[in-house]
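Reading through the structure tokens given below for one structure.
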Amino acid sequence: MKKLLTLFTLTTSVIFCDIGDEFVSNGKGPNELTTQEYLELVAPFIPDNPTILEAGAHGGNDTVIMGHRWPRGHLYAFEPVAKFYLNMKHELNKHKVYNVTTIKKGLFTVTGNRTFYISQNCGGASSFLQDNDMCNYNDYTVTVPCVNLDEWAEENNVESIDFMWLDMEGAEYYVLSSAPKILSTTRVILTELNFKEFRKGSTQYHTLKNFLLNQGFKLHKIWGSPYHQATGMFVRADLVNN
């Protein structure tokens with residue numbers, strides 16, 4: 001009987017455990033997906049004409065794909081670095097994507113100019129946060145304009161955002177925690193998750209997860225490595241339950 005109870009406990013803990021806890025305890029997760037594959041998992045939870053926010057658009061590859069995936073929707077793409085922003089604009093024009101508003105600004109806690117660290121070795125790893133000497137980013141700095149998300153939404157008459165795609169190299173919690181109004185309208189967030197402090201003060205997995213759980217989200221799926229970085233898909237709990 002004792003063995004049966006132990007087996008039952010172990011089995012139920014696997015069945016009913018939190019998806020993120022299981023991911024961490026296993027020490028491994030499913031491989032990262034393509035952008036198209038991620039979007040097909042997001043699609044059932046948002047309308048056919050969604051309002052989408054992309055933060056950290058970089059060269060615009062994902063921006064183009066999202067614009068084509070939801071031709072009846074509208075996408076707001078933020079990219080503060082001039083050379084990356086111009087690349088994004090070029091890609092959108094090249095692929096004839098016309099349902100995107102591009103914003104040459106970053107998102108952070110408060111509106112104003114802020115130092116931005118651009119990695120010369122990996123442009124996609126650039127951030128508002130300083131190198132923590134864990135990676136060879138080889139940063140140089142520029143000053144860029146940034147905005148608070150709630151303030152930007154109010155000024156631009158954006159009443160809701162159905163889906164957020166966040167690739168912000170550790171700035172995710174700073175942005176979301178300072179924008180409670182627009183966050184309350186969001187259905188799905190696909191975001192980078194950090195398990196190491198690659199940059200000083202970068203958002204860590206447990207911090208972001210616990211914050212979003214308290215805001216009514218559920219960690220629906222997760223991919224990547226619990227030793228380094230992963231991608232998490234957070235969905236409104238009531239949508240998942242239904």
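A note on labels: chains of the structure tokens are A, B, ... as shown, every chain counts residues from 1, and ligands are counted from 1 in their shown order.
Excluding segment 148-158 of chain A itself and any same-chain residue fewer than 3 positions from it, the protein and nucleic acid residues within 6 Å of it, counting only C-alpha atoms, are A:Leu107, A:Phe108, A:Thr109, A:Val110, A:Thr111, A:Ala179, A:Ile182.
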Selected residues written out, C-alpha atoms, as a PDB file, in the first residue's frame:
ATOM      1  CA  LEU A 107       9.798  50.655 -24.097  1.00  0.00           C
ATOM      2  CA  PHE A 108      10.759  51.012 -20.442  1.00  0.00           C
ATOM      3  CA  THR A 109       9.330  52.207 -17.131  1.00  0.00           C
ATOM      4  CA  VAL A 110       9.314  55.945 -17.781  1.00  0.00           C
ATOM      5  CA  THR A 111       9.195  58.156 -20.837  1.00  0.00           C
ATOM      6  CA  ALA A 179       1.822  49.397 -17.734  1.00  0.00           C
ATOM      7  CA  ILE A 182      -2.842  48.017 -21.241  1.00  0.00           C
TER       8      ILE A 182
END
Exercise. Identify, on the basis of only C-alpha atoms, every residue whose closest approach to segment 97-104 of chain A does not exceed 10 Å; exclude the query and any residue fewer than 5 positions from it along the same chain; express the result as JSON, numbers by chain.
Key: {"A": [52, 53, 54, 55, 57, 60, 63, 64, 65, 66, 67, 68, 70, 71, 72, 73, 74, 75, 76, 77, 78, 79, 80, 81, 82, 84, 85, 86, 88, 89, 91, 92, 144, 145, 146]}
If you take only C-alpha atoms and a cut-off of 8 Å, which residues of segment 120-173 of chain A touch segment 195-200 of chain A, and what are their nearest atom pairs and distances in Å to one decimal, in chain and number order, as a Markdown table?
| residue | atom | partner | partner_atom | distance |
| --- | --- | --- | --- | --- |
| A:Leu129 | CA | A:Arg199 | CA | 5.8 |
| A:Gln130 | CA | A:Arg199 | CA | 5.5 |
| A:Asp131 | CA | A:Arg199 | CA | 4.6 |
| A:Asn132 | CA | A:Arg199 | CA | 4.6 |
| A:Asp133 | CA | A:Phe198 | CA | 7.5 |
| A:Met134 | CA | A:Phe198 | CA | 5.7 |
| A:Cys135 | CA | A:Phe198 | CA | 6.8 |
| A:Glu169 | CA | A:Arg199 | CA | 7.9 |
| A:Gly170 | CA | A:Arg199 | CA | 7.1 |
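Using only C-alpha atoms, the nearest neighbour of Asn194 of chain A within the list A:Gly27, A:Pro226, A:Gly112, A:Pro50 is A:Pro226.
Of the listed residues A:Val24, A:Val147, A:Cys122, A:Leu208, the one whose atoms come nearest to Ser225 of chain A is A:Val24, with distances taken using only C-alpha atoms.
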Practice problem: Run DSSP on the backbone and grab whatever in segment 90-228 of chain A lands in alpha helix (DSSP H); send it over as JSON, numbers by chain. | Solution: {"A": [90, 91, 92, 93, 94, 149, 150, 151, 152, 153, 154, 155, 172, 173, 174, 175, 176, 177, 180, 181, 182, 183, 205, 206, 207, 208, 209, 210, 211, 212, 213, 214]}
Those selected residues, please, written with N, CA and C atoms and delivered as a tab-separated table (two decimals), in the first residue's frame.
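Below is the file selection39.tsv, written as the result:
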chain	number	residue	atom	x	y	z
A	90	HIS	N	12.89	48.56	-44.30
A	90	HIS	CA	13.24	48.00	-45.61
A	90	HIS	C	12.54	46.66	-45.82
A	91	GLU	N	12.55	45.80	-44.82
A	91	GLU	CA	11.93	44.48	-44.95
A	91	GLU	C	10.41	44.60	-45.14
A	92	LEU	N	9.80	45.51	-44.42
A	92	LEU	CA	8.35	45.70	-44.56
A	92	LEU	C	8.00	46.18	-45.96
A	93	ASN	N	8.77	47.10	-46.49
A	93	ASN	CA	8.52	47.59	-47.86
A	93	ASN	C	8.79	46.49	-48.89
A	94	LYS	N	9.88	45.77	-48.68
A	94	LYS	CA	10.26	44.70	-49.61
A	94	LYS	C	9.18	43.64	-49.72
A	149	LEU	N	4.67	52.25	-21.67
A	149	LEU	CA	3.68	51.64	-22.56
A	149	LEU	C	2.28	52.20	-22.33
A	150	ASP	N	1.86	52.35	-21.10
A	150	ASP	CA	0.52	52.91	-20.83
A	150	ASP	C	0.40	54.33	-21.36
A	151	GLU	N	1.44	55.14	-21.16
A	151	GLU	CA	1.41	56.51	-21.66
A	151	GLU	C	1.35	56.54	-23.18
A	152	TRP	N	2.14	55.68	-23.82
A	152	TRP	CA	2.12	55.62	-25.28
A	152	TRP	C	0.75	55.21	-25.79
A	153	ALA	N	0.15	54.19	-25.17
A	153	ALA	CA	-1.15	53.70	-25.62
A	153	ALA	C	-2.22	54.79	-25.49
A	154	GLU	N	-2.19	55.53	-24.38
A	154	GLU	CA	-3.17	56.60	-24.19
A	154	GLU	C	-2.99	57.71	-25.22
A	155	GLU	N	-1.75	58.09	-25.47
A	155	GLU	CA	-1.47	59.17	-26.43
A	155	GLU	C	-1.84	58.78	-27.86
A	172	GLU	N	11.70	42.91	-19.80
A	172	GLU	CA	10.28	42.59	-19.89
A	172	GLU	C	9.49	43.00	-18.64
A	173	TYR	N	10.00	42.64	-17.47
A	173	TYR	CA	9.27	42.96	-16.24
A	173	TYR	C	9.15	44.46	-16.04
A	174	TYR	N	10.21	45.20	-16.35
A	174	TYR	CA	10.19	46.65	-16.19
A	174	TYR	C	9.04	47.27	-17.00
A	175	VAL	N	8.88	46.79	-18.22
A	175	VAL	CA	7.87	47.34	-19.11
A	175	VAL	C	6.46	46.95	-18.67
A	176	LEU	N	6.25	45.66	-18.41
A	176	LEU	CA	4.91	45.18	-18.09
A	176	LEU	C	4.43	45.66	-16.73
A	177	SER	N	5.30	45.70	-15.76
A	177	SER	CA	4.88	46.11	-14.41
A	177	SER	C	4.56	47.58	-14.33
A	180	PRO	N	0.05	48.69	-16.19
A	180	PRO	CA	-1.05	47.82	-15.76
A	180	PRO	C	-2.32	47.98	-16.59
A	181	LYS	N	-2.56	49.17	-17.11
A	181	LYS	CA	-3.81	49.40	-17.85
A	181	LYS	C	-3.85	48.60	-19.14
A	182	ILE	N	-2.82	48.73	-19.96
A	182	ILE	CA	-2.84	48.02	-21.24
A	182	ILE	C	-2.62	46.53	-21.03
A	183	LEU	N	-1.87	46.15	-20.01
A	183	LEU	CA	-1.64	44.74	-19.73
A	183	LEU	C	-2.95	44.03	-19.40
A	205	TYR	N	13.27	34.47	-14.79
A	205	TYR	CA	12.09	33.64	-15.05
A	205	TYR	C	11.05	33.70	-13.93
A	206	HIS	N	11.48	33.42	-12.71
A	206	HIS	CA	10.50	33.34	-11.61
A	206	HIS	C	9.85	34.69	-11.34
A	207	THR	N	10.60	35.75	-11.48
A	207	THR	CA	10.03	37.08	-11.26
A	207	THR	C	8.93	37.37	-12.26
A	208	LEU	N	9.21	37.14	-13.54
A	208	LEU	CA	8.22	37.43	-14.58
A	208	LEU	C	7.04	36.49	-14.49
A	209	LYS	N	7.31	35.23	-14.28
A	209	LYS	CA	6.23	34.25	-14.18
A	209	LYS	C	5.28	34.58	-13.04
A	210	ASN	N	5.82	34.81	-11.86
A	210	ASN	CA	4.97	35.10	-10.70
A	210	ASN	C	4.18	36.39	-10.89
A	211	PHE	N	4.80	37.38	-11.50
A	211	PHE	CA	4.10	38.63	-11.76
A	211	PHE	C	2.91	38.39	-12.70
A	212	LEU	N	3.15	37.66	-13.78
A	212	LEU	CA	2.08	37.43	-14.76
A	212	LEU	C	0.98	36.52	-14.20
A	213	LEU	N	1.34	35.57	-13.36
A	213	LEU	CA	0.32	34.76	-12.71
A	213	LEU	C	-0.60	35.64	-11.87
A	214	ASN	N	-0.02	36.60	-11.18
A	214	ASN	CA	-0.81	37.52	-10.35
A	214	ASN	C	-1.68	38.45	-11.19
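When atom CA of Met164 of chain A is paired with atom CA of Leu190 of chain A, their separation reads 6.2 Å.
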Exercise. Looking only at strand (DSSP E) from DSSP on the backbone, list the matching residues of segment 31-241 of chain A as a PyMOL selection string.
Key: chain A and resi 51-55+74-78+100-103+106-108+112-119+139-148+163-166+188-194+217-224+229-236
Quiz item: From the list A:Phe234, A:Phe45, A:Tyr140, A:Trp165, which residue is nearest Ile222 of chain A when using only C-alpha atoms?
Solution: A:Phe234
